[in-house]
$ cat my_file07.csv   # CSV, C-alpha atoms
chain,number,residue,atom,x,y,z
A,26,MET,CA,75.9,19.5,98.8
A,27,SER,CA,78.9,18.7,100.9
A,28,THR,CA,81.3,19.4,98.1
A,29,LEU,CA,79.6,22.7,97.5
A,30,SER,CA,79.9,23.8,101.2
A,31,GLU,CA,83.5,22.7,101.1
A,32,ALA,CA,84.0,24.8,98.1
A,33,ILE,CA,82.4,27.8,99.8
A,34,GLU,CA,84.6,27.2,102.9
A,35,VAL,CA,87.7,27.1,100.7
A,36,ASN,CA,86.5,30.3,99.0
A,37,GLU,CA,86.0,31.9,102.4
A,38,VAL,CA,89.5,31.0,103.5
A,39,GLU,CA,90.9,32.4,100.3
A,40,GLU,CA,89.0,35.6,100.7
A,41,GLN,CA,90.3,36.0,104.2
A,42,THR,CA,93.9,35.5,103.2
A,43,LEU,CA,93.6,37.6,100.0
A,44,PRO,CA,93.5,41.0,101.6
A,45,LYS,CA,96.8,40.2,103.4
A,46,VAL,CA,98.5,39.6,100.0
A,47,GLU,CA,96.9,42.8,98.7
A,48,GLN,CA,98.2,44.9,101.5
A,49,ASN,CA,101.6,45.0,99.8
A,50,ALA,CA,102.0,48.5,98.3
A,51,GLN,CA,101.1,48.6,94.6
A,52,PRO,CA,103.7,49.8,92.2
A,53,PHE,CA,103.6,53.4,91.2
A,54,TRP,CA,102.1,54.3,87.8
A,55,ASN,CA,104.0,54.7,84.7
A,56,PRO,CA,105.5,58.3,84.8
A,57,TYR,CA,104.1,59.3,81.4
A,58,LEU,CA,100.6,58.1,82.5
A,59,ALA,CA,100.7,60.0,85.9
A,60,GLY,CA,102.2,63.0,84.1
A,61,THR,CA,99.3,63.0,81.6
A,62,GLY,CA,96.8,62.9,84.5
A,63,LEU,CA,98.6,65.7,86.2
A,64,GLY,CA,98.6,67.7,83.0
A,65,LEU,CA,94.9,67.2,82.5
A,66,VAL,CA,94.2,68.4,86.1
A,67,LEU,CA,96.3,71.5,85.3
A,68,LEU,CA,94.5,72.0,82.0
A,69,ALA,CA,91.1,71.7,83.9
A,70,ALA,CA,92.3,74.5,86.3
A,71,PHE,CA,93.1,76.7,83.3
A,72,VAL,CA,89.8,76.1,81.5
A,73,ILE,CA,87.6,76.2,84.6
A,74,MET,CA,89.3,78.9,86.6
A,75,GLY,CA,91.7,80.7,84.3
A,76,ARG,CA,94.6,80.0,86.7
A,77,GLY,CA,97.0,77.1,87.4
A,78,LEU,CA,98.0,75.1,90.4
A,79,GLY,CA,100.0,76.1,93.4
A,80,ALA,CA,101.1,75.1,96.9
A,81,SER,CA,103.5,77.5,98.6
A,82,GLY,CA,101.0,80.3,98.4
A,83,ALA,CA,98.6,78.5,100.7
A,84,PHE,CA,101.3,78.2,103.3
A,85,SER,CA,101.9,82.0,103.0
A,86,SER,CA,98.3,82.6,103.8
A,87,LEU,CA,98.4,80.3,106.8
A,88,VAL,CA,101.6,81.9,108.1
A,89,SER,CA,100.3,85.4,107.7
A,90,VAL,CA,97.1,84.6,109.6
A,91,GLY,CA,99.2,82.9,112.3
A,92,MET,CA,101.5,85.9,112.6
A,93,GLN,CA,98.7,88.3,112.8
A,94,ALA,CA,97.1,86.3,115.6
A,95,VAL,CA,100.4,86.3,117.6
A,96,ALA,CA,101.7,89.8,116.8
A,97,PRO,CA,99.0,91.9,115.1
A,98,GLU,CA,100.8,95.3,115.1
A,99,HIS,CA,104.1,93.9,114.0
A,100,THR,CA,102.4,91.9,111.2
A,101,SER,CA,100.3,94.8,109.9
A,102,ALA,CA,103.5,96.8,109.4
A,103,ASN,CA,105.0,94.1,107.1
A,104,GLY,CA,104.2,94.4,103.4
A,105,PHE,CA,104.7,90.7,102.8
A,106,PHE,CA,102.2,89.5,105.3
A,107,THR,CA,99.6,92.2,104.6
A,108,GLU,CA,99.6,91.1,100.9
A,109,TYR,CA,98.2,87.7,102.0
A,110,LEU,CA,95.9,89.2,104.7
A,111,GLY,CA,94.2,91.6,102.4
A,112,ASP,CA,92.2,94.6,103.5
A,113,GLY,CA,90.4,92.7,106.2
A,114,THR,CA,87.1,92.6,104.3
A,115,HIS,CA,87.3,88.8,103.9
A,116,ASN,CA,88.8,85.8,105.6
A,117,PRO,CA,92.4,85.3,104.1
A,118,LEU,CA,91.9,81.5,104.6
A,119,LYS,CA,88.9,81.5,102.3
A,120,ASP,CA,91.4,81.4,99.5
A,121,TRP,CA,91.6,79.4,96.3
A,122,LEU,CA,95.1,78.0,97.0
A,123,VAL,CA,94.2,77.1,100.6
A,124,PHE,CA,91.3,75.0,99.5
A,125,GLU,CA,93.3,73.5,96.6
A,126,VAL,CA,96.1,72.4,99.0
A,127,ILE,CA,93.5,70.8,101.4
A,128,GLY,CA,92.4,68.9,98.3
A,129,VAL,CA,96.0,67.9,97.6
A,130,ILE,CA,96.3,66.4,101.1
A,131,VAL,CA,93.0,64.5,100.7
A,132,GLY,CA,93.8,63.4,97.1
A,133,GLY,CA,97.2,62.1,98.1
A,134,PHE,CA,95.6,60.2,101.0
A,135,ILE,CA,92.9,58.7,98.7
A,136,SER,CA,95.5,57.5,96.2
A,137,GLY,CA,97.7,56.2,99.0
A,138,ILE,CA,94.9,54.2,100.7
A,139,LEU,CA,93.8,52.7,97.4
A,140,ALA,CA,97.4,51.6,96.6
A,141,HIS,CA,98.1,50.4,100.2
A,142,ARG,CA,100.9,53.0,100.5
A,143,VAL,CA,99.7,54.9,103.7
A,144,LYS,CA,102.2,53.9,106.3
A,145,GLY,CA,104.1,55.7,109.1
A,146,SER,CA,107.6,55.7,107.8
A,147,ILE,CA,110.6,57.9,107.1
A,148,GLU,CA,112.0,58.3,103.6
A,149,LYS,CA,115.8,58.1,103.6
A,150,GLY,CA,118.7,56.2,102.3
A,151,PRO,CA,120.3,53.3,104.4
A,152,ARG,CA,123.3,55.4,105.5
A,153,ILE,CA,121.6,58.1,107.7
A,154,SER,CA,119.9,57.9,111.0
A,155,SER,CA,116.2,58.8,111.3
A,156,GLY,CA,116.9,61.7,113.6
A,157,ARG,CA,119.4,63.3,111.2
A,158,ARG,CA,117.0,62.7,108.3
A,159,LEU,CA,114.1,64.5,110.2
A,160,LEU,CA,116.5,67.4,110.9
A,161,LEU,CA,117.5,67.7,107.2
A,162,ALA,CA,113.8,67.4,106.2
A,163,PHE,CA,113.1,70.4,108.5
A,164,LEU,CA,116.1,72.4,107.2
A,165,GLY,CA,115.2,71.5,103.6
A,166,GLY,CA,111.6,72.7,104.1
A,167,GLY,CA,112.9,75.9,105.5
A,168,ILE,CA,115.3,76.5,102.6
A,169,MET,CA,112.5,75.7,100.2
A,170,GLY,CA,110.0,78.0,101.9
A,171,PHE,CA,112.4,80.9,101.8
A,172,GLY,CA,113.4,80.2,98.1
A,173,ALA,CA,109.8,79.8,97.0
A,174,LYS,CA,108.8,83.2,98.4
A,175,LEU,CA,111.8,84.9,96.7
A,176,ALA,CA,110.8,83.2,93.4
A,177,ARG,CA,107.1,84.0,93.9
A,178,GLY,CA,106.1,80.4,93.7
A,179,CYS,CA,107.3,76.8,93.9
A,180,THR,CA,107.4,73.8,91.7
A,181,SER,CA,103.6,73.8,91.3
A,182,GLY,CA,102.9,77.5,90.7
A,183,GLN,CA,106.1,78.4,88.8
A,184,ALA,CA,107.6,75.3,87.2
A,185,LEU,CA,104.4,73.4,86.4
A,186,THR,CA,101.9,76.2,85.8
A,187,GLY,CA,104.2,78.9,84.5
A,188,GLY,CA,106.0,76.2,82.5
A,189,ALA,CA,102.8,75.2,80.6
A,190,LEU,CA,102.0,78.9,80.1
A,191,LEU,CA,105.5,79.5,78.7
A,192,GLY,CA,106.3,82.2,81.2
A,193,VAL,CA,109.9,83.6,80.9
A,194,GLY,CA,110.5,83.8,84.7
A,195,SER,CA,108.9,80.3,85.2
A,196,TRP,CA,111.3,78.6,82.7
A,197,ALA,CA,114.3,80.5,84.1
A,198,PHE,CA,113.1,79.4,87.6
A,199,MET,CA,112.7,75.8,86.5
A,200,LEU,CA,116.2,75.5,85.1
A,201,ALA,CA,117.6,77.1,88.3
A,202,VAL,CA,115.8,74.6,90.4
A,203,PHE,CA,117.5,71.7,88.6
A,204,ALA,CA,120.8,73.5,88.6
A,205,GLY,CA,120.6,74.2,92.3
A,206,GLY,CA,119.7,70.6,93.1
A,207,TYR,CA,122.4,69.0,90.9
A,208,ALA,CA,125.0,71.5,92.3
A,209,VAL,CA,124.6,70.2,95.9
A,210,ALA,CA,123.4,66.6,95.4
A,211,TYR,CA,126.9,65.3,95.9
A,212,PHE,CA,127.2,66.7,99.4
A,213,PHE,CA,124.0,65.1,100.5
A,214,ARG,CA,124.5,61.7,98.9
A,215,ARG,CA,124.7,60.0,102.3
A,216,GLN,CA,121.1,61.0,103.0
A,217,TRP,CA,119.7,59.3,99.9
A,218,THR,CA,122.0,56.7,98.5
I,27,MET,CA,81.1,77.9,75.4
I,28,ASN,CA,83.5,80.5,76.7
I,29,ALA,CA,86.4,79.6,78.9
I,30,PRO,CA,87.9,80.2,81.5
I,31,PHE,CA,84.4,79.6,83.0
I,32,PHE,CA,85.1,81.5,86.2
I,33,LYS,CA,86.3,84.6,84.3
I,34,PHE,CA,83.0,84.6,82.3
I,35,GLY,CA,81.0,84.5,85.5
I,36,TYR,CA,79.6,81.0,85.1
I,37,PHE,CA,79.9,80.6,88.9
I,38,GLY,CA,80.9,82.7,91.9
I,39,GLU,CA,83.6,82.9,94.5
I,40,GLU,CA,82.0,80.4,96.9
I,41,THR,CA,81.8,77.7,94.2
I,42,SER,CA,85.3,78.5,93.1
I,43,LEU,CA,86.5,77.2,96.5
I,44,ILE,CA,84.7,73.9,95.9
I,45,VAL,CA,86.4,73.7,92.5
I,46,ALA,CA,89.7,74.4,94.2
I,47,PHE,CA,89.2,71.5,96.5
I,48,ILE,CA,88.2,69.1,93.7
I,49,ILE,CA,91.1,70.2,91.5
I,50,GLY,CA,93.4,69.8,94.5
I,51,ILE,CA,92.2,66.2,95.0
I,52,GLY,CA,93.1,65.4,91.4
I,53,PHE,CA,96.5,67.1,91.8
I,54,GLY,CA,97.3,65.2,95.0
I,55,PHE,CA,96.0,61.9,93.5
I,56,PHE,CA,98.2,62.0,90.5
I,57,LEU,CA,101.2,63.2,92.5
I,58,GLU,CA,100.9,60.2,94.8
I,59,ARG,CA,100.3,57.8,91.8
I,60,ALA,CA,103.5,59.0,90.3
I,61,GLY,CA,105.4,58.1,93.5
I,62,PHE,CA,105.9,61.7,94.6
I,63,GLY,CA,104.9,60.9,98.2
I,64,SER,CA,108.3,59.3,98.4
I,65,GLY,CA,111.3,61.6,99.2
I,66,ARG,CA,113.7,58.9,98.1
I,67,LYS,CA,112.1,58.7,94.7
I,68,LEU,CA,112.0,62.4,94.3
I,69,ALA,CA,115.6,62.9,95.4
I,70,ALA,CA,116.8,60.1,93.0
I,71,GLN,CA,116.2,62.6,90.2
I,72,PHE,CA,119.4,64.4,91.4
I,73,TYR,CA,121.4,61.1,91.5
I,74,LEU,CA,120.2,60.1,88.0
I,75,THR,CA,119.0,56.7,89.1
I,76,ASP,CA,115.3,57.5,88.7
I,77,LEU,CA,114.2,60.4,86.5
I,78,THR,CA,110.5,60.2,87.2
I,79,VAL,CA,110.4,63.8,88.4
I,80,PHE,CA,111.6,65.0,85.0
I,81,LYS,CA,109.3,62.7,83.1
I,82,VAL,CA,106.2,63.4,85.1
I,83,MET,CA,106.8,67.2,85.2
I,84,PHE,CA,107.4,67.6,81.5
I,85,THR,CA,104.6,65.2,80.5
I,86,ALA,CA,102.3,67.3,82.6
I,87,ILE,CA,103.6,70.6,81.2
I,88,VAL,CA,103.3,69.4,77.5
I,89,THR,CA,99.8,68.0,78.1
I,90,ALA,CA,98.5,71.2,79.6
I,91,MET,CA,100.4,73.4,77.2
I,92,VAL,CA,99.2,71.5,74.1
I,93,GLY,CA,95.6,71.3,75.4
I,94,LEU,CA,95.5,75.0,76.1
I,95,PHE,CA,97.0,75.8,72.8
I,96,TRP,CA,94.4,73.9,70.8
I,97,LEU,CA,91.5,75.2,73.0
I,98,SER,CA,92.7,78.7,72.3
I,99,VAL,CA,93.1,78.0,68.5
I,100,PHE,CA,89.5,76.8,68.4
I,101,GLY,CA,88.4,79.9,70.3
I,102,ILE,CA,87.1,78.0,73.4
I,103,VAL,CA,89.6,79.5,75.8
I,104,ASP,CA,90.5,83.2,75.8
I,105,LEU,CA,94.2,83.0,76.6
I,106,SER,CA,94.4,86.6,77.7
I,107,LEU,CA,92.2,85.7,80.7
I,108,VAL,CA,94.5,82.9,81.9
I,109,TYR,CA,96.6,84.3,84.7
I,110,VAL,CA,100.3,84.4,83.8
I,111,SER,CA,102.5,85.4,86.7
I,112,GLN,CA,104.9,88.4,86.4
I,113,THR,CA,108.6,87.8,85.6
I,114,TYR,CA,111.2,89.1,88.0
I,115,LEU,CA,114.1,87.4,86.4
I,116,VAL,CA,117.1,87.6,88.8
I,117,PRO,CA,115.1,87.0,92.1
I,118,GLN,CA,113.4,84.1,90.4
I,119,ILE,CA,116.6,82.5,89.3
I,120,VAL,CA,118.2,83.0,92.8
I,121,GLY,CA,115.0,81.7,94.4
I,122,GLY,CA,115.0,78.7,92.0
I,123,LEU,CA,118.6,77.9,93.0
I,124,ILE,CA,117.7,78.1,96.7
I,125,LEU,CA,114.7,75.9,96.1
I,126,GLY,CA,116.8,73.3,94.3
I,127,VAL,CA,119.0,73.1,97.3
I,128,GLY,CA,116.0,72.7,99.6
I,129,PHE,CA,114.7,69.9,97.3
I,130,VAL,CA,117.9,67.9,97.8
I,131,VAL,CA,118.3,68.7,101.5
I,132,GLY,CA,114.6,68.1,102.4
I,133,GLY,CA,113.6,65.6,99.7
I,134,TYR,CA,110.3,67.3,98.7
I,135,CYS,CA,108.8,70.5,97.3
I,136,PRO,CA,105.7,72.1,99.0
I,137,GLY,CA,103.1,70.2,97.0
I,138,THR,CA,104.8,66.8,97.2
I,139,SER,CA,105.4,67.2,101.0
I,140,CYS,CA,101.6,67.5,101.5
I,141,VAL,CA,101.2,64.1,99.8
I,142,ALA,CA,104.1,62.6,101.7
I,143,ALA,CA,102.6,63.9,105.0
I,144,SER,CA,99.1,62.6,104.2
I,145,THR,CA,100.5,59.1,103.4
I,146,GLY,CA,102.2,58.9,106.7
I,147,LYS,CA,105.8,60.0,106.0
I,148,TYR,CA,107.2,61.6,109.1
I,149,ASP,CA,109.9,63.4,107.1
I,150,GLY,CA,107.1,64.9,105.0
I,151,MET,CA,105.5,66.3,108.1
I,152,MET,CA,108.8,67.8,109.4
I,153,TYR,CA,109.3,69.3,105.9
I,154,LEU,CA,105.9,71.1,106.2
I,155,VAL,CA,107.0,72.5,109.6
I,156,GLY,CA,110.2,73.6,107.8
I,157,ILE,CA,108.3,75.4,105.0
I,158,ILE,CA,106.2,77.3,107.5
I,159,THR,CA,109.4,78.3,109.4
I,160,GLY,CA,111.1,79.4,106.1
I,161,ILE,CA,108.1,81.6,105.1
I,162,VAL,CA,108.1,83.2,108.6
I,163,VAL,CA,111.9,83.9,108.2
I,164,PHE,CA,111.3,85.3,104.7
I,165,GLY,CA,108.4,87.5,105.9
I,166,GLU,CA,110.4,88.8,108.8
I,167,ALA,CA,113.4,89.6,106.5
I,168,PHE,CA,111.1,91.1,103.8
I,169,PRO,CA,111.8,94.7,104.7
I,170,LEU,CA,115.5,94.0,103.9
I,171,LEU,CA,114.8,91.9,100.8
I,172,LYS,CA,112.1,94.1,99.3
I,173,ASP,CA,114.4,95.8,96.7
I,174,PHE,CA,115.9,92.6,95.5
I,175,TYR,CA,112.4,90.9,95.5
I,176,SER,CA,111.2,93.5,93.0
I,177,ALA,CA,114.4,93.7,91.0
I,178,THR,CA,114.6,93.1,87.2
I,179,PRO,CA,110.8,93.3,86.5
I,180,MET,CA,109.8,92.2,83.0
I,181,GLY,CA,106.0,92.1,83.4
I,182,LYS,CA,103.8,89.3,82.2
I,183,ILE,CA,106.0,88.0,79.5
I,184,THR,CA,106.0,84.7,77.7
I,185,ILE,CA,108.8,83.0,75.7
I,186,PRO,CA,107.0,83.6,72.3
I,187,GLU,CA,106.7,87.3,73.2
I,188,LEU,CA,110.3,87.6,74.4
I,189,VAL,CA,111.7,85.9,71.3
I,190,GLY,CA,109.2,87.4,68.9
I,191,VAL,CA,108.0,84.2,67.3
I,192,SER,CA,104.5,82.6,67.2
I,193,TYR,CA,103.0,80.8,70.2
I,194,GLY,CA,102.5,77.7,68.1
I,195,LEU,CA,106.1,77.5,67.1
I,196,VAL,CA,107.3,77.6,70.7
I,197,VAL,CA,104.7,75.0,71.7
I,198,PHE,CA,106.0,72.8,68.9
I,199,LEU,CA,109.7,73.3,69.9
I,200,ALA,CA,108.8,72.6,73.6
I,201,ILE,CA,107.2,69.3,72.5
I,202,LEU,CA,110.3,68.3,70.6
I,203,MET,CA,112.5,69.3,73.5
I,204,ALA,CA,110.4,67.2,75.9
I,205,LEU,CA,110.4,64.2,73.6
I,206,GLY,CA,114.2,64.5,73.2
I,207,GLY,CA,114.4,64.8,77.0
I,208,PHE,CA,112.4,61.6,77.5
I,209,VAL,CA,114.6,59.6,75.2
I,210,GLY,CA,117.6,61.0,77.0
I,211,ALA,CA,116.1,60.3,80.4
I,212,GLU,CA,115.4,56.7,79.6
I,213,TRP,CA,119.0,56.3,78.3
I,214,VAL,CA,120.5,57.9,81.5
I,215,GLU,CA,118.3,55.7,83.8
I,216,LYS,CA,119.5,52.6,82.0
I,217,LYS,CA,123.1,53.7,82.2
I,218,PHE,CA,123.1,54.7,85.9
I,219,ALA,CA,121.0,51.7,86.9
I,220,THR,CA,123.6,49.3,85.5
I,221,LYS,CA,126.3,51.4,87.1
I,222,VAL,CA,124.7,51.1,90.5
I,223,LYS,CA,124.2,47.4,90.0
I,224,GLY,CA,127.9,47.1,89.0
I,225,VAL,CA,129.0,48.9,92.2
I,226,GLY,CA,126.8,46.7,94.3
I,227,GLN,CA,128.1,43.4,92.9
$ encode --input "my_file07.csv" --output "structure tokens"
Amino acid sequence: MSTLSEAIEVNEVEEQTLPKVEQNAQPFWNPYLAGTGLGLVLLAAFVIMGRGLGASGAFSSLVSVGMQAVAPEHTSANGFFTEYLGDGTHNPLKDWLVFEVIGVIVGGFISGILAHRVKGSIEKGPRISSGRRLLLAFLGGGIMGFGAKLARGCTSGQALTGGALLGVGSWAFMLAVFAGGYAVAYFFRRQWT
Amino acid sequence: MNAPFFKFGYFGEETSLIVAFIIGIGFGFFLERAGFGSGRKLAAQFYLTDLTVFKVMFTAIVTAMVGLFWLSVFGIVDLSLVYVSQTYLVPQIVGGLILGVGFVVGGYCPGTSCVAASTGKYDGMMYLVGIITGIVVFGEAFPLLKDFYSATPMGKITIPELVGVSYGLVVFLAILMALGGFVGAEWVEKKFATKVKGVGQ
């Protein structure tokens, strides 16, 4: 009996220490496996909805609604914002991409929690300060937002979705994204390497 | 069974939003699994030390492309009902170049920054604020950009239609290209990984 209770005690101690070991972030999945999963999600979107994935469009809806709340007359006169606002018969936030992007946020969080990767941190190389990195993140987001609107979509809607559908503009866009990135990577190397 | 289900009226608008949410969860889950919540990992694509972005993207493209192709061959999916966005060649190339710059400067794209933000990356959150700002700027500048935005329209055109060959042939060539790309990517990673090590020692 005593050995049994000792064994249970040992087990309990082990169980208590075990989660601490597990708290280390798990390695990322093999890229081909993660890519296959992503491809099946995209295929499911095609089969169920007849449309692909997206991201930047949801932000356009959000921006348009925000702009209309702040400056209704000014916004109504702008053809870009009105395209997302519609004719006023239904809520522009009750939109497929808006709900999909909320899902992306939730799905990323679920995966992160399961792999012990949710942690307040800043992604950067060792040669740049956190303040400068955050400024560059803001600027990069701004450049991306502008470019995505000009291209009528981002990496999700154009490269991934349009790529799988063999769209001419999407493939031209995809090659341009890589070209633009490689063209300036050297100048921003201190941020990442 | 007729697909796309939504286009055949199997369910309505309200349900489609629930579908959107669930599909989004899958999208975000696999993005995070691939490591795309990390700006460093994403940016490494442009320094050739980690080509995960290329590998994941093209694996996903090939998977969805091949799946859709066979489903259409077997008559399950009506391809004409799958939404293909219109091509506006020059603004899309210019937009793509700008977007590539934004990728290196900011470290994310819109989808991956959502995953970065939800897994606690402060730079991912700043990036989201940046995207919103960028869209406001684009919207405000839209009256000036309108003509260029709509320049070089080519309609809903796919590569097989442009080149005048069969859909299946282009799918086949795209698979070959991706496989070649994967072999090349593994080789480049090995080469640059040793180079980085060599510099460090």
$ residues_around --input "my_file07.csv" --residues "Ile153 (chain A)" --least-positions-apart "2" --cutoff "10 Å" --atoms "all atoms listed in the file" --output "ChimeraX atom specification"
/A:149-151,155-158,214-218
$ closest_residue --input "my_file07.csv" --among "A:Gly111, A:Gly167, A:Pro117, A:Gly182" --to "chain I" --atoms "all atoms listed in the file"
A:Gly167
$ residues_around --input "my_file07.csv" --residues "Thr186 (chain A)" --least-positions-apart "2" --cutoff "8 Å" --atoms "all atoms listed in the file" --output "list of chain:residue names"
A:Leu67, A:Gly77, A:Leu78, A:Gly79, A:Ser181, A:Gly182, A:Gln183, A:Ala184, A:Gly188, A:Ala189, A:Leu190, I:Ile87
$ residues_around --input "my_file07.csv" --residues "Phe71 (chain A)" --least-positions-apart "3" --cutoff "9 Å" --atoms "all atoms listed in the file" --output "NGL selection string"
(:A and (66-68 or 74-78)) or (:I and (29-30 or 90 or 94 or 103 or 108-109))
$ write_last_selection --input "my_file07.csv" --atoms "C-alpha atoms" --output "mmCIF file, keeping the file's coordinate frame"
data_model
loop_
_atom_site.group_PDB
_atom_site.id
_atom_site.type_symbol
_atom_site.label_atom_id
_atom_site.label_comp_id
_atom_site.auth_asym_id
_atom_site.auth_seq_id
_atom_site.Cartn_x
_atom_site.Cartn_y
_atom_site.Cartn_z
ATOM 1 C CA VAL A 66 94.200 68.400 86.100
ATOM 2 C CA LEU A 67 96.300 71.500 85.300
ATOM 3 C CA LEU A 68 94.500 72.000 82.000
ATOM 4 C CA MET A 74 89.300 78.900 86.600
ATOM 5 C CA GLY A 75 91.700 80.700 84.300
ATOM 6 C CA ARG A 76 94.600 80.000 86.700
ATOM 7 C CA GLY A 77 97.000 77.100 87.400
ATOM 8 C CA LEU A 78 98.000 75.100 90.400
ATOM 9 C CA ALA I 29 86.400 79.600 78.900
ATOM 10 C CA PRO I 30 87.900 80.200 81.500
ATOM 11 C CA ALA I 90 98.500 71.200 79.600
ATOM 12 C CA LEU I 94 95.500 75.000 76.100
ATOM 13 C CA VAL I 103 89.600 79.500 75.800
ATOM 14 C CA VAL I 108 94.500 82.900 81.900
ATOM 15 C CA TYR I 109 96.600 84.300 84.700
#
$ residues_around --input "my_file07.csv" --residues "region 124-130 of chain A" --least-positions-apart "5" --cutoff "12 Å" --atoms "all atoms listed in the file" --output "mmCIF file with C-alpha atoms, keeping the file's coordinate frame"
data_model
loop_
_atom_site.group_PDB
_atom_site.id
_atom_site.type_symbol
_atom_site.label_atom_id
_atom_site.label_comp_id
_atom_site.auth_asym_id
_atom_site.auth_seq_id
_atom_site.Cartn_x
_atom_site.Cartn_y
_atom_site.Cartn_z
ATOM 1 C CA LEU A 63 98.600 65.700 86.200
ATOM 2 C CA VAL A 66 94.200 68.400 86.100
ATOM 3 C CA LEU A 67 96.300 71.500 85.300
ATOM 4 C CA ALA A 70 92.300 74.500 86.300
ATOM 5 C CA ARG A 76 94.600 80.000 86.700
ATOM 6 C CA GLY A 77 97.000 77.100 87.400
ATOM 7 C CA LEU A 78 98.000 75.100 90.400
ATOM 8 C CA GLY A 79 100.000 76.100 93.400
ATOM 9 C CA ALA A 80 101.100 75.100 96.900
ATOM 10 C CA SER A 81 103.500 77.500 98.600
ATOM 11 C CA GLY A 82 101.000 80.300 98.400
ATOM 12 C CA ALA A 83 98.600 78.500 100.700
ATOM 13 C CA PHE A 84 101.300 78.200 103.300
ATOM 14 C CA SER A 85 101.900 82.000 103.000
ATOM 15 C CA SER A 86 98.300 82.600 103.800
ATOM 16 C CA LEU A 87 98.400 80.300 106.800
ATOM 17 C CA PRO A 117 92.400 85.300 104.100
ATOM 18 C CA LEU A 118 91.900 81.500 104.600
ATOM 19 C CA LYS A 119 88.900 81.500 102.300
ATOM 20 C CA ILE A 135 92.900 58.700 98.700
ATOM 21 C CA SER A 136 95.500 57.500 96.200
ATOM 22 C CA GLY A 137 97.700 56.200 99.000
ATOM 23 C CA SER A 181 103.600 73.800 91.300
ATOM 24 C CA GLY A 182 102.900 77.500 90.700
ATOM 25 C CA GLU I 40 82.000 80.400 96.900
ATOM 26 C CA THR I 41 81.800 77.700 94.200
ATOM 27 C CA SER I 42 85.300 78.500 93.100
ATOM 28 C CA LEU I 43 86.500 77.200 96.500
ATOM 29 C CA ILE I 44 84.700 73.900 95.900
ATOM 30 C CA VAL I 45 86.400 73.700 92.500
ATOM 31 C CA ALA I 46 89.700 74.400 94.200
ATOM 32 C CA PHE I 47 89.200 71.500 96.500
ATOM 33 C CA ILE I 48 88.200 69.100 93.700
ATOM 34 C CA ILE I 49 91.100 70.200 91.500
ATOM 35 C CA GLY I 50 93.400 69.800 94.500
ATOM 36 C CA ILE I 51 92.200 66.200 95.000
ATOM 37 C CA GLY I 52 93.100 65.400 91.400
ATOM 38 C CA PHE I 53 96.500 67.100 91.800
ATOM 39 C CA GLY I 54 97.300 65.200 95.000
ATOM 40 C CA PHE I 55 96.000 61.900 93.500
ATOM 41 C CA PHE I 56 98.200 62.000 90.500
ATOM 42 C CA LEU I 57 101.200 63.200 92.500
ATOM 43 C CA GLU I 58 100.900 60.200 94.800
ATOM 44 C CA GLY I 63 104.900 60.900 98.200
ATOM 45 C CA PRO I 136 105.700 72.100 99.000
ATOM 46 C CA GLY I 137 103.100 70.200 97.000
ATOM 47 C CA THR I 138 104.800 66.800 97.200
ATOM 48 C CA SER I 139 105.400 67.200 101.000
ATOM 49 C CA CYS I 140 101.600 67.500 101.500
ATOM 50 C CA VAL I 141 101.200 64.100 99.800
ATOM 51 C CA ALA I 142 104.100 62.600 101.700
ATOM 52 C CA ALA I 143 102.600 63.900 105.000
ATOM 53 C CA SER I 144 99.100 62.600 104.200
ATOM 54 C CA THR I 145 100.500 59.100 103.400
ATOM 55 C CA GLY I 146 102.200 58.900 106.700
ATOM 56 C CA GLY I 150 107.100 64.900 105.000
ATOM 57 C CA MET I 151 105.500 66.300 108.100
ATOM 58 C CA LEU I 154 105.900 71.100 106.200
#
$ closest_residue --input "my_file07.csv" --among "A:Leu122, A:Phe213, A:Val202, A:Leu159" --to "Gly156 (chain I)" --atoms "only C-alpha atoms"
A:Leu159
$ residues_around --input "my_file07.csv" --residues "Ala60 (chain I)" --least-positions-apart "4" --cutoff "9 Å" --atoms "all atoms listed in the file" --output "list of chain:residue names"
A:Phe53, A:Trp54, A:Asn55, A:Pro56, A:Tyr57, A:Leu58, A:Ala59, A:Gly60, I:Phe55, I:Phe56, I:Thr78, I:Val79, I:Val82
$ closest_residue --input "my_file07.csv" --among "A:Ile168, A:Ala208, A:Met92, A:Val123" --to "chain I" --atoms "all atoms listed in the file"
A:Ile168
$ atom_distance --input "my_file07.csv" --atom1 "CA of Leu160 (chain A)" --atom2 "CA of Gly121 (chain I)"
21.9 Å
$ atom_distance --input "my_file07.csv" --atom1 "CA of Ser146 (chain A)" --atom2 "CA of Lys147 (chain I)"
5.0 Å
$ closest_residue --input "my_file07.csv" --among "A:Ala69, A:Ala162, A:Leu200, A:Ala94" --to "chain I" --atoms "all atoms listed in the file"
A:Ala162
$ atom_distance --input "my_file07.csv" --atom1 "CA of Val88 (chain I)" --atom2 "CA of Gly192 (chain A)"
13.7 Å
$ closest_residue --input "my_file07.csv" --among "I:Ile185, I:Phe62, I:Asp104, I:Thr159" --to "Val72 (chain A)" --atoms "all atoms listed in the file"
I:Asp104
$ closest_residue --input "my_file07.csv" --among "I:Tyr148, I:Trp213, I:Phe100, I:Phe95" --to "chain A" --atoms "all atoms listed in the file"
I:Tyr148
$ residues_near_point --input "my_file07.csv" --point "(118.6, 70.5, 94.4)" --cutoff "7 Å" --atoms "only C-alpha atoms" --output "number ranges by chain"
A: 202-210; I: 72, 125-130
